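Okay, final27.pdb now, which holds PDB, C-alpha atoms:
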ATOM      1  CA  MET A   1     -15.464 -49.126  -4.471
ATOM      2  CA  ARG A   2     -17.985 -47.051  -2.545
ATOM      3  CA  LEU A   3     -15.400 -44.323  -2.095
ATOM      4  CA  HIS A   4     -14.664 -44.301  -5.829
ATOM      5  CA  THR A   5     -18.364 -44.177  -6.694
ATOM      6  CA  GLY A   6     -18.924 -41.339  -4.219
ATOM      7  CA  TRP A   7     -16.047 -39.324  -5.723
ATOM      8  CA  ILE A   8     -17.501 -39.666  -9.227
ATOM      9  CA  THR A   9     -20.950 -38.643  -7.997
ATOM     10  CA  GLY A  10     -19.486 -35.592  -6.260
ATOM     11  CA  ALA A  11     -17.536 -34.553  -9.341
ATOM     12  CA  ILE A  12     -20.669 -34.788 -11.505
ATOM     13  CA  ALA A  13     -22.608 -32.701  -8.966
ATOM     14  CA  ALA A  14     -19.877 -30.044  -8.911
ATOM     15  CA  VAL A  15     -19.967 -29.739 -12.692
ATOM     16  CA  VAL A  16     -23.735 -29.362 -12.650
ATOM     17  CA  LEU A  17     -23.656 -26.751  -9.873
ATOM     18  CA  ASN A  18     -20.897 -24.782 -11.559
ATOM     19  CA  GLY A  19     -22.885 -24.700 -14.743
ATOM     20  CA  ALA A  20     -25.870 -23.349 -12.813
ATOM     21  CA  ALA A  21     -23.718 -20.681 -11.141
ATOM     22  CA  PHE A  22     -22.676 -19.241 -14.500
ATOM     23  CA  ALA A  23     -26.170 -19.434 -15.979
ATOM     24  CA  ASP A  24     -27.142 -15.924 -14.735
ATOM     25  CA  VAL A  25     -24.048 -14.123 -16.059
ATOM     26  CA  THR A  26     -23.935 -15.313 -19.671
ATOM     27  CA  VAL A  27     -26.300 -15.644 -22.618
ATOM     28  CA  SER A  28     -24.039 -18.092 -24.423
ATOM     29  CA  GLN A  29     -25.595 -21.376 -25.445
ATOM     30  CA  SER A  30     -22.204 -23.063 -25.650
ATOM     31  CA  ASN A  31     -21.634 -26.214 -23.683
ATOM     32  CA  ASP A  32     -18.018 -25.131 -23.102
ATOM     33  CA  PRO A  33     -17.863 -23.694 -19.527
ATOM     34  CA  THR A  34     -14.629 -21.817 -20.344
ATOM     35  CA  ALA A  35     -16.592 -19.561 -22.701
ATOM     36  CA  ALA A  36     -18.638 -18.232 -19.798
ATOM     37  CA  ILE A  37     -15.515 -17.793 -17.668
ATOM     38  CA  GLY A  38     -13.751 -15.916 -20.448
ATOM     39  CA  GLY A  39     -16.673 -13.548 -20.949
ATOM     40  CA  THR A  40     -16.939 -12.789 -17.247
ATOM     41  CA  MET A  41     -13.199 -12.120 -16.924
ATOM     42  CA  GLY A  42     -13.313  -9.855 -19.970
ATOM     43  CA  ASN A  43     -16.092  -7.775 -18.417
ATOM     44  CA  LEU A  44     -14.220  -7.478 -15.112
ATOM     45  CA  LEU A  45     -10.967  -6.448 -16.772
ATOM     46  CA  GLY A  46     -12.780  -3.893 -18.903
ATOM     47  CA  ALA A  47     -14.385  -2.301 -15.832
ATOM     48  CA  GLU A  48     -11.007  -2.257 -14.069
ATOM     49  CA  ARG A  49      -9.405  -0.521 -17.052
ATOM     50  CA  VAL A  50     -12.089   2.194 -17.037
ATOM     51  CA  ALA A  51     -11.582   2.773 -13.296
ATOM     52  CA  LEU A  52      -7.803   3.039 -13.658
ATOM     53  CA  ASN A  53      -8.111   5.538 -16.499
ATOM     54  CA  ALA A  54     -10.181   7.789 -14.212
ATOM     55  CA  ILE A  55      -7.427   8.025 -11.577
ATOM     56  CA  PRO A  56      -4.997  10.993 -11.930
ATOM     57  CA  GLN A  57      -1.530   9.992 -13.105
ATOM     58  CA  GLU A  58       0.101  11.362  -9.955
ATOM     59  CA  ARG A  59      -2.137   9.149  -7.800
ATOM     60  CA  LEU A  60      -1.276   6.055  -9.862
ATOM     61  CA  THR A  61       2.424   6.843  -9.422
ATOM     62  CA  GLU A  62       2.011   7.188  -5.664
ATOM     63  CA  LEU A  63       0.150   3.875  -5.476
ATOM     64  CA  ALA A  64       2.929   2.180  -7.426
ATOM     65  CA  VAL A  65       6.031   3.620  -5.727
ATOM     66  CA  GLY A  66       4.746   5.366  -2.614
ATOM     67  CA  PRO A  67       4.473   9.127  -1.885
ATOM     68  CA  LYS A  68       7.262  11.396  -2.993
ATOM     69  CA  ILE A  69       9.758  12.111  -0.232
ATOM     70  CA  GLU A  70      11.581  15.384  -0.640
ATOM     71  CA  THR A  71      14.852  16.314   1.022
ATOM     72  CA  ARG A  72      16.027  19.445   2.701
ATOM     73  CA  THR A  73      19.113  21.072   1.282
ATOM     74  CA  THR A  74      21.880  22.893   3.050
ATOM     75  CA  ARG A  75      24.144  25.016   0.861
ATOM     76  CA  GLY A  76      23.129  22.995  -2.152
ATOM     77  CA  LYS A  77      23.744  19.595  -0.532
ATOM     78  CA  ALA A  78      20.880  17.225   0.212
ATOM     79  CA  THR A  79      20.416  16.233   3.850
ATOM     80  CA  ALA A  80      18.271  13.530   5.450
ATOM     81  CA  PRO A  81      14.786  13.017   3.975
ATOM     82  CA  VAL A  82      11.958  14.772   5.779
ATOM     83  CA  VAL A  83       9.350  12.259   6.924
ATOM     84  CA  ILE A  84       6.332  13.860   8.566
ATOM     85  CA  ARG A  85       4.524  12.130  11.409
ATOM     86  CA  TYR A  86       1.157  13.790  11.784
ATOM     87  CA  ASP A  87       0.921  14.120  15.551
ATOM     88  CA  ASP A  88       1.622  16.741  18.221
ATOM     89  CA  ALA A  89       4.654  14.876  19.578
ATOM     90  CA  TRP A  90       6.371  15.079  16.184
ATOM     91  CA  LEU A  91       5.524  18.772  15.858
ATOM     92  CA  ALA A  92       6.867  19.491  19.335
ATOM     93  CA  ALA A  93      10.176  17.838  18.428
ATOM     94  CA  GLN A  94      10.719  20.248  15.522
ATOM     95  CA  PRO A  95      12.801  23.432  15.910
ATOM     96  CA  ALA A  96      10.961  26.356  17.477
ATOM     97  CA  PRO A  97       9.155  28.177  14.660
ATOM     98  CA  ALA A  98      10.220  31.653  13.660
ATOM     99  CA  GLY A  99       9.918  33.403  10.371
ATOM    100  CA  ASP A 100       9.041  36.426   8.332
ATOM    101  CA  ALA A 101       5.812  37.831   6.955
ATOM    102  CA  GLN A 102       5.382  34.823   4.628
ATOM    103  CA  TRP A 103       5.477  32.463   7.602
ATOM    104  CA  GLU A 104       2.933  34.612   9.419
ATOM    105  CA  CYS A 105       0.612  34.597   6.398
ATOM    106  CA  LEU A 106       0.758  30.806   6.113
ATOM    107  CA  SER A 107       0.269  30.369   9.868
ATOM    108  CA  LYS A 108      -2.877  32.518   9.832
ATOM    109  CA  ALA A 109      -4.263  30.751   6.760
ATOM    110  CA  ILE A 110      -3.840  27.354   8.433
ATOM    111  CA  TYR A 111      -5.357  28.671  11.667
ATOM    112  CA  PHE A 112      -8.430  30.344  10.184
ATOM    113  CA  GLU A 113      -9.120  27.828   7.420
ATOM    114  CA  ALA A 114      -8.420  24.547   9.210
ATOM    115  CA  ARG A 115      -7.801  24.842  12.954
ATOM    116  CA  GLY A 116     -10.775  22.536  13.609
ATOM    117  CA  GLU A 117      -9.308  19.834  11.373
ATOM    118  CA  THR A 118      -6.886  17.032  12.199
ATOM    119  CA  LEU A 119      -3.176  17.657  11.683
ATOM    120  CA  ARG A 120      -3.432  16.007   8.279
ATOM    121  CA  GLY A 121      -6.217  18.404   7.366
ATOM    122  CA  GLN A 122      -4.148  21.394   8.442
ATOM    123  CA  PHE A 123      -1.064  20.203   6.588
ATOM    124  CA  ALA A 124      -3.271  19.658   3.525
ATOM    125  CA  VAL A 125      -4.425  23.304   3.519
ATOM    126  CA  ALA A 126      -0.788  24.399   3.752
ATOM    127  CA  GLU A 127      -0.013  22.203   0.733
ATOM    128  CA  VAL A 128      -2.714  23.923  -1.334
ATOM    129  CA  ILE A 129      -1.299  27.369  -0.576
ATOM    130  CA  LEU A 130       2.263  26.353  -1.426
ATOM    131  CA  ASN A 131       1.082  24.591  -4.585
ATOM    132  CA  ARG A 132      -0.507  27.854  -5.668
ATOM    133  CA  VAL A 133       2.724  29.728  -4.975
ATOM    134  CA  ASP A 134       4.480  27.304  -7.347
ATOM    135  CA  SER A 135       1.818  27.710 -10.040
ATOM    136  CA  PRO A 136       2.141  30.436 -12.715
ATOM    137  CA  ASP A 137      -1.621  31.017 -12.384
ATOM    138  CA  TYR A 138      -1.290  32.539  -8.910
ATOM    139  CA  PRO A 139       0.873  35.077  -7.054
ATOM    140  CA  SER A 140       4.439  33.952  -6.415
ATOM    141  CA  SER A 141       4.448  34.547  -2.659
ATOM    142  CA  ILE A 142       2.508  33.039   0.239
ATOM    143  CA  CYS A 143       1.031  36.365   1.306
ATOM    144  CA  GLY A 144       0.116  37.127  -2.295
ATOM    145  CA  VAL A 145      -1.768  33.841  -2.588
ATOM    146  CA  VAL A 146      -3.512  34.172   0.765
ATOM    147  CA  GLU A 147      -4.544  37.787   0.244
ATOM    148  CA  GLN A 148      -5.525  37.445  -3.412
ATOM    149  CA  ARG A 149      -8.855  38.996  -4.315
ATOM    150  CA  GLY A 150     -10.995  38.709  -7.390
ATOM    151  CA  GLY A 151     -14.526  38.132  -8.574
ATOM    152  CA  GLY A 152     -15.908  40.360  -5.837
ATOM    153  CA  GLY A 153     -14.387  38.344  -3.017
ATOM    154  CA  CYS A 154     -11.298  36.721  -1.560
ATOM    155  CA  GLN A 155      -9.674  33.395  -2.314
ATOM    156  CA  PHE A 156      -9.656  32.691   1.434
ATOM    157  CA  SER A 157     -12.828  33.911   3.113
ATOM    158  CA  TYR A 158     -11.308  34.954   6.440
ATOM    159  CA  VAL A 159      -9.255  37.635   4.676
ATOM    160  CA  CYS A 160     -12.303  39.736   3.816
ATOM    161  CA  ASP A 161     -14.863  38.750   6.444
ATOM    162  CA  GLY A 162     -14.379  42.050   8.275
ATOM    163  CA  ARG A 163     -12.971  40.462  11.416
ATOM    164  CA  ALA A 164      -9.564  41.024  12.948
ATOM    165  CA  ASP A 165      -7.153  38.270  11.898
ATOM    166  CA  ARG A 166      -5.978  37.595  15.425
ATOM    167  CA  MET A 167      -5.233  34.021  16.492
ATOM    168  CA  ARG A 168      -6.889  33.797  19.914
ATOM    169  CA  ASP A 169      -6.610  30.035  20.552
ATOM    170  CA  PRO A 170      -3.063  29.416  21.887
ATOM    171  CA  GLU A 171      -3.088  25.667  21.206
ATOM    172  CA  ALA A 172      -4.358  26.030  17.639
ATOM    173  CA  MET A 173      -1.894  28.861  17.010
ATOM    174  CA  TRP A 174       0.969  26.653  18.290
ATOM    175  CA  ARG A 175       0.077  23.983  15.732
ATOM    176  CA  ALA A 176      -0.484  26.395  12.870
ATOM    177  CA  GLU A 177       2.853  28.140  13.368
ATOM    178  CA  ARG A 178       4.786  24.877  13.556
ATOM    179  CA  ILE A 179       3.035  23.415  10.531
ATOM    180  CA  ALA A 180       3.781  26.601   8.577
ATOM    181  CA  ALA A 181       7.462  26.501   9.510
ATOM    182  CA  THR A 182       7.718  22.818   8.622
ATOM    183  CA  MET A 183       6.135  23.257   5.209
ATOM    184  CA  ILE A 184       8.128  26.375   4.313
ATOM    185  CA  SER A 185      11.333  24.544   5.197
ATOM    186  CA  GLY A 186      10.677  22.058   2.390
ATOM    187  CA  ALA A 187       8.699  19.187   3.948
ATOM    188  CA  PRO A 188       7.057  16.825   1.411
ATOM    189  CA  ARG A 189       3.572  17.552   0.124
ATOM    190  CA  ALA A 190       2.288  13.987   0.101
ATOM    191  CA  LEU A 191      -1.362  14.434   1.086
ATOM    192  CA  THR A 192      -3.204  16.274  -1.686
ATOM    193  CA  MET A 193      -1.420  15.219  -4.893
ATOM    194  CA  GLY A 194      -0.721  18.780  -6.037
ATOM    195  CA  ALA A 195      -4.139  20.229  -5.128
ATOM    196  CA  THR A 196      -4.706  23.929  -5.753
ATOM    197  CA  HIS A 197      -8.291  24.148  -4.469
ATOM    198  CA  PHE A 198     -10.372  22.849  -1.583
ATOM    199  CA  HIS A 199     -13.830  23.321  -0.134
ATOM    200  CA  THR A 200     -15.872  21.961   2.743
ATOM    201  CA  LYS A 201     -18.171  19.037   2.078
ATOM    202  CA  GLN A 202     -21.191  21.228   2.876
ATOM    203  CA  VAL A 203     -20.802  23.302  -0.304
ATOM    204  CA  ARG A 204     -20.329  22.569  -4.012
ATOM    205  CA  PRO A 205     -18.682  25.407  -5.960
ATOM    206  CA  GLY A 206     -18.959  25.436  -9.746
ATOM    207  CA  TRP A 207     -15.266  24.723 -10.339
ATOM    208  CA  ALA A 208     -15.565  21.451  -8.397
ATOM    209  CA  ARG A 209     -17.375  19.961 -11.398
ATOM    210  CA  ARG A 210     -14.504  20.833 -13.732
ATOM    211  CA  PHE A 211     -11.422  20.045 -11.651
ATOM    212  CA  PRO A 212     -10.309  16.487 -10.821
ATOM    213  CA  GLN A 213     -10.589  15.629  -7.136
ATOM    214  CA  THR A 214      -7.316  14.467  -5.592
ATOM    215  CA  ALA A 215      -8.108  13.863  -1.924
ATOM    216  CA  SER A 216     -10.735  13.867   0.801
ATOM    217  CA  ILE A 217      -9.359  14.772   4.222
ATOM    218  CA  GLY A 218     -11.587  15.534   7.183
ATOM    219  CA  ALA A 219     -14.245  18.091   6.285
ATOM    220  CA  HIS A 220     -12.507  19.154   3.052
ATOM    221  CA  LEU A 221     -12.347  17.913  -0.529
ATOM    222  CA  PHE A 222      -9.241  18.779  -2.545
ATOM    223  CA  TYR A 223      -8.883  19.416  -6.280
ATOM    224  CA  LYS A 224      -6.144  20.161  -8.778
ATOM    225  CA  GLN A 225      -6.716  22.822 -11.383
ATOM    226  CA  PRO A 226      -6.038  21.332 -14.843
TER
END

Spit out the file's structure as structure tokens when you get a sec.
Amino acid sequence: MRLHTGWITGAIAAVVLNGAAFADVTVSQSNDPTAAIGGTMGNLLGAERVALNAIPQERLTELAVGPKIETRTTRGKATAPVVIRYDDAWLAAQPAPAGDAQWECLSKAIYFEARGETLRGQFAVAEVILNRVDSPDYPSSICGVVEQRGGGGCQFSYVCDGRADRMRDPEAMWRAERIAATMISGAPRALTMGATHFHTKQVRPGWARRFPQTASIGAHLFYKQP
């Protein structure tokens, strides 16, 4: 009997406490506790819907199904998927890099724009350049994108800073050249969600207020031109 009485007392106390807990999140005078619960859930779901609508469609797709994995092709036939592992051991296991002027342009851009970044940060800069090559708004070659001028300056500052574009750090050059070869060969661009612009976190260019941000990697923020 004491156990039964104690259970009833506890249940009554729980109801009272629960009512007090909801008192600061509702202005309803209803005695029905489900009214307060319904209002709170409605507010939460509404905020969630607003947040989801602010996320780019490509990012929502990646969250749902994972990043896009592209495949290399040989004579028109798809081969094994390329899965990048962002570390030096993976880079070292790739074929020795060699290429033409386009490869050299991409290697230098990675070196001068991002050699102080992690491998992900360097791959991300390569993605931006290749995304521009694919865009009708920019030159259709890597060198054209990297060397593009306009508005009294250069798209990539190292191109017109007056210094010789010579890669003097052997280790950083080794990475840049291998990253460039990997990306040109058709590796997936899964880091920046189609970004066409980036800047360091220390500056805030005017276009950054107009373009949706797609990623933050290391010292850089990435954006996609609408």

Interatomic distance, atom CA of Cys105 of chain A to atom CA of Ile142 of chain A (Å, one decimal):
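According to the coordinates, atom CA of Cys105 of chain A and atom CA of Ile142 of chain A are separated by 6.6 Å.
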
Quick one: apply the PyMOL selection byres ((chain A and resi 221) around 6) to the file and drop the selected residues here as a ChimeraX atom specification.
/A:198-199,216,220,222

Selection dump of the PyMOL selection byres ((chain A and resi 181-192) around 9), as a PDB file with C-alpha atoms, in the coordinates of the input:
ATOM      1  CA  GLU A  62       2.011   7.188  -5.664  1.00  0.00           C
ATOM      2  CA  PRO A  67       4.473   9.127  -1.885  1.00  0.00           C
ATOM      3  CA  LYS A  68       7.262  11.396  -2.993  1.00  0.00           C
ATOM      4  CA  ILE A  69       9.758  12.111  -0.232  1.00  0.00           C
ATOM      5  CA  GLU A  70      11.581  15.384  -0.640  1.00  0.00           C
ATOM      6  CA  THR A  71      14.852  16.314   1.022  1.00  0.00           C
ATOM      7  CA  ARG A  72      16.027  19.445   2.701  1.00  0.00           C
ATOM      8  CA  THR A  73      19.113  21.072   1.282  1.00  0.00           C
ATOM      9  CA  PRO A  81      14.786  13.017   3.975  1.00  0.00           C
ATOM     10  CA  VAL A  82      11.958  14.772   5.779  1.00  0.00           C
ATOM     11  CA  VAL A  83       9.350  12.259   6.924  1.00  0.00           C
ATOM     12  CA  ILE A  84       6.332  13.860   8.566  1.00  0.00           C
ATOM     13  CA  LEU A  91       5.524  18.772  15.858  1.00  0.00           C
ATOM     14  CA  GLN A  94      10.719  20.248  15.522  1.00  0.00           C
ATOM     15  CA  PRO A  95      12.801  23.432  15.910  1.00  0.00           C
ATOM     16  CA  ALA A  96      10.961  26.356  17.477  1.00  0.00           C
ATOM     17  CA  PRO A  97       9.155  28.177  14.660  1.00  0.00           C
ATOM     18  CA  ALA A  98      10.220  31.653  13.660  1.00  0.00           C
ATOM     19  CA  GLY A  99       9.918  33.403  10.371  1.00  0.00           C
ATOM     20  CA  GLN A 102       5.382  34.823   4.628  1.00  0.00           C
ATOM     21  CA  TRP A 103       5.477  32.463   7.602  1.00  0.00           C
ATOM     22  CA  LEU A 106       0.758  30.806   6.113  1.00  0.00           C
ATOM     23  CA  SER A 107       0.269  30.369   9.868  1.00  0.00           C
ATOM     24  CA  ARG A 120      -3.432  16.007   8.279  1.00  0.00           C
ATOM     25  CA  GLY A 121      -6.217  18.404   7.366  1.00  0.00           C
ATOM     26  CA  PHE A 123      -1.064  20.203   6.588  1.00  0.00           C
ATOM     27  CA  ALA A 124      -3.271  19.658   3.525  1.00  0.00           C
ATOM     28  CA  VAL A 125      -4.425  23.304   3.519  1.00  0.00           C
ATOM     29  CA  ALA A 126      -0.788  24.399   3.752  1.00  0.00           C
ATOM     30  CA  GLU A 127      -0.013  22.203   0.733  1.00  0.00           C
ATOM     31  CA  VAL A 128      -2.714  23.923  -1.334  1.00  0.00           C
ATOM     32  CA  LEU A 130       2.263  26.353  -1.426  1.00  0.00           C
ATOM     33  CA  ASN A 131       1.082  24.591  -4.585  1.00  0.00           C
ATOM     34  CA  ALA A 176      -0.484  26.395  12.870  1.00  0.00           C
ATOM     35  CA  GLU A 177       2.853  28.140  13.368  1.00  0.00           C
ATOM     36  CA  ARG A 178       4.786  24.877  13.556  1.00  0.00           C
ATOM     37  CA  ILE A 179       3.035  23.415  10.531  1.00  0.00           C
ATOM     38  CA  ALA A 180       3.781  26.601   8.577  1.00  0.00           C
ATOM     39  CA  MET A 193      -1.420  15.219  -4.893  1.00  0.00           C
ATOM     40  CA  GLY A 194      -0.721  18.780  -6.037  1.00  0.00           C
ATOM     41  CA  ALA A 195      -4.139  20.229  -5.128  1.00  0.00           C
ATOM     42  CA  THR A 196      -4.706  23.929  -5.753  1.00  0.00           C
ATOM     43  CA  THR A 214      -7.316  14.467  -5.592  1.00  0.00           C
ATOM     44  CA  ALA A 215      -8.108  13.863  -1.924  1.00  0.00           C
ATOM     45  CA  SER A 216     -10.735  13.867   0.801  1.00  0.00           C
ATOM     46  CA  ILE A 217      -9.359  14.772   4.222  1.00  0.00           C
ATOM     47  CA  PHE A 222      -9.241  18.779  -2.545  1.00  0.00           C
ATOM     48  CA  TYR A 223      -8.883  19.416  -6.280  1.00  0.00           C
ATOM     49  CA  LYS A 224      -6.144  20.161  -8.778  1.00  0.00           C
TER      50      LYS A 224
END

Care to translate the PyMOL selection byres ((chain A and resi 157-171) around 10) into actual residues of this file, as a PyMOL selection string?
chain A and resi 107-109+111-113+115+146-149+153-156+172-176

Could those selected residues go to a file with C-alpha atoms, as a short mmCIF file (atom, residue, chain, number, x, y, z; two decimals), in the frame of the given file?
data_model
loop_
_atom_site.label_atom_id
_atom_site.label_comp_id
_atom_site.auth_asym_id
_atom_site.auth_seq_id
_atom_site.Cartn_x
_atom_site.Cartn_y
_atom_site.Cartn_z
CA SER A 107 0.27 30.37 9.87
CA LYS A 108 -2.88 32.52 9.83
CA ALA A 109 -4.26 30.75 6.76
CA TYR A 111 -5.36 28.67 11.67
CA PHE A 112 -8.43 30.34 10.18
CA GLU A 113 -9.12 27.83 7.42
CA ARG A 115 -7.80 24.84 12.95
CA VAL A 146 -3.51 34.17 0.76
CA GLU A 147 -4.54 37.79 0.24
CA GLN A 148 -5.52 37.44 -3.41
CA ARG A 149 -8.86 39.00 -4.32
CA GLY A 153 -14.39 38.34 -3.02
CA CYS A 154 -11.30 36.72 -1.56
CA GLN A 155 -9.67 33.40 -2.31
CA PHE A 156 -9.66 32.69 1.43
CA ALA A 172 -4.36 26.03 17.64
CA MET A 173 -1.89 28.86 17.01
CA TRP A 174 0.97 26.65 18.29
CA ARG A 175 0.08 23.98 15.73
CA ALA A 176 -0.48 26.40 12.87
#

Could you check which of A:Arg132, A:Arg204, A:His197, A:Arg85 is closest to Leu119 of chain A, using all atoms listed in the file?
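Checking each candidate against Leu119 of chain A, we get A:Arg85 as the closest.
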
Could you jot down the atom CA of Asp88 of chain A to atom CA of Thr200 of chain A separation for me, Å, one decimal place?
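Result for atom CA of Asp88 of chain A versus atom CA of Thr200 of chain A: 23.9 Å, one decimal.
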
Straight-line distance linking atom CA of Asp137 of chain A with atom CA of Thr118 of chain A, stated in Å to one decimal:
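Separating atom CA of Asp137 of chain A from atom CA of Thr118 of chain A is a distance of 28.8 Å.
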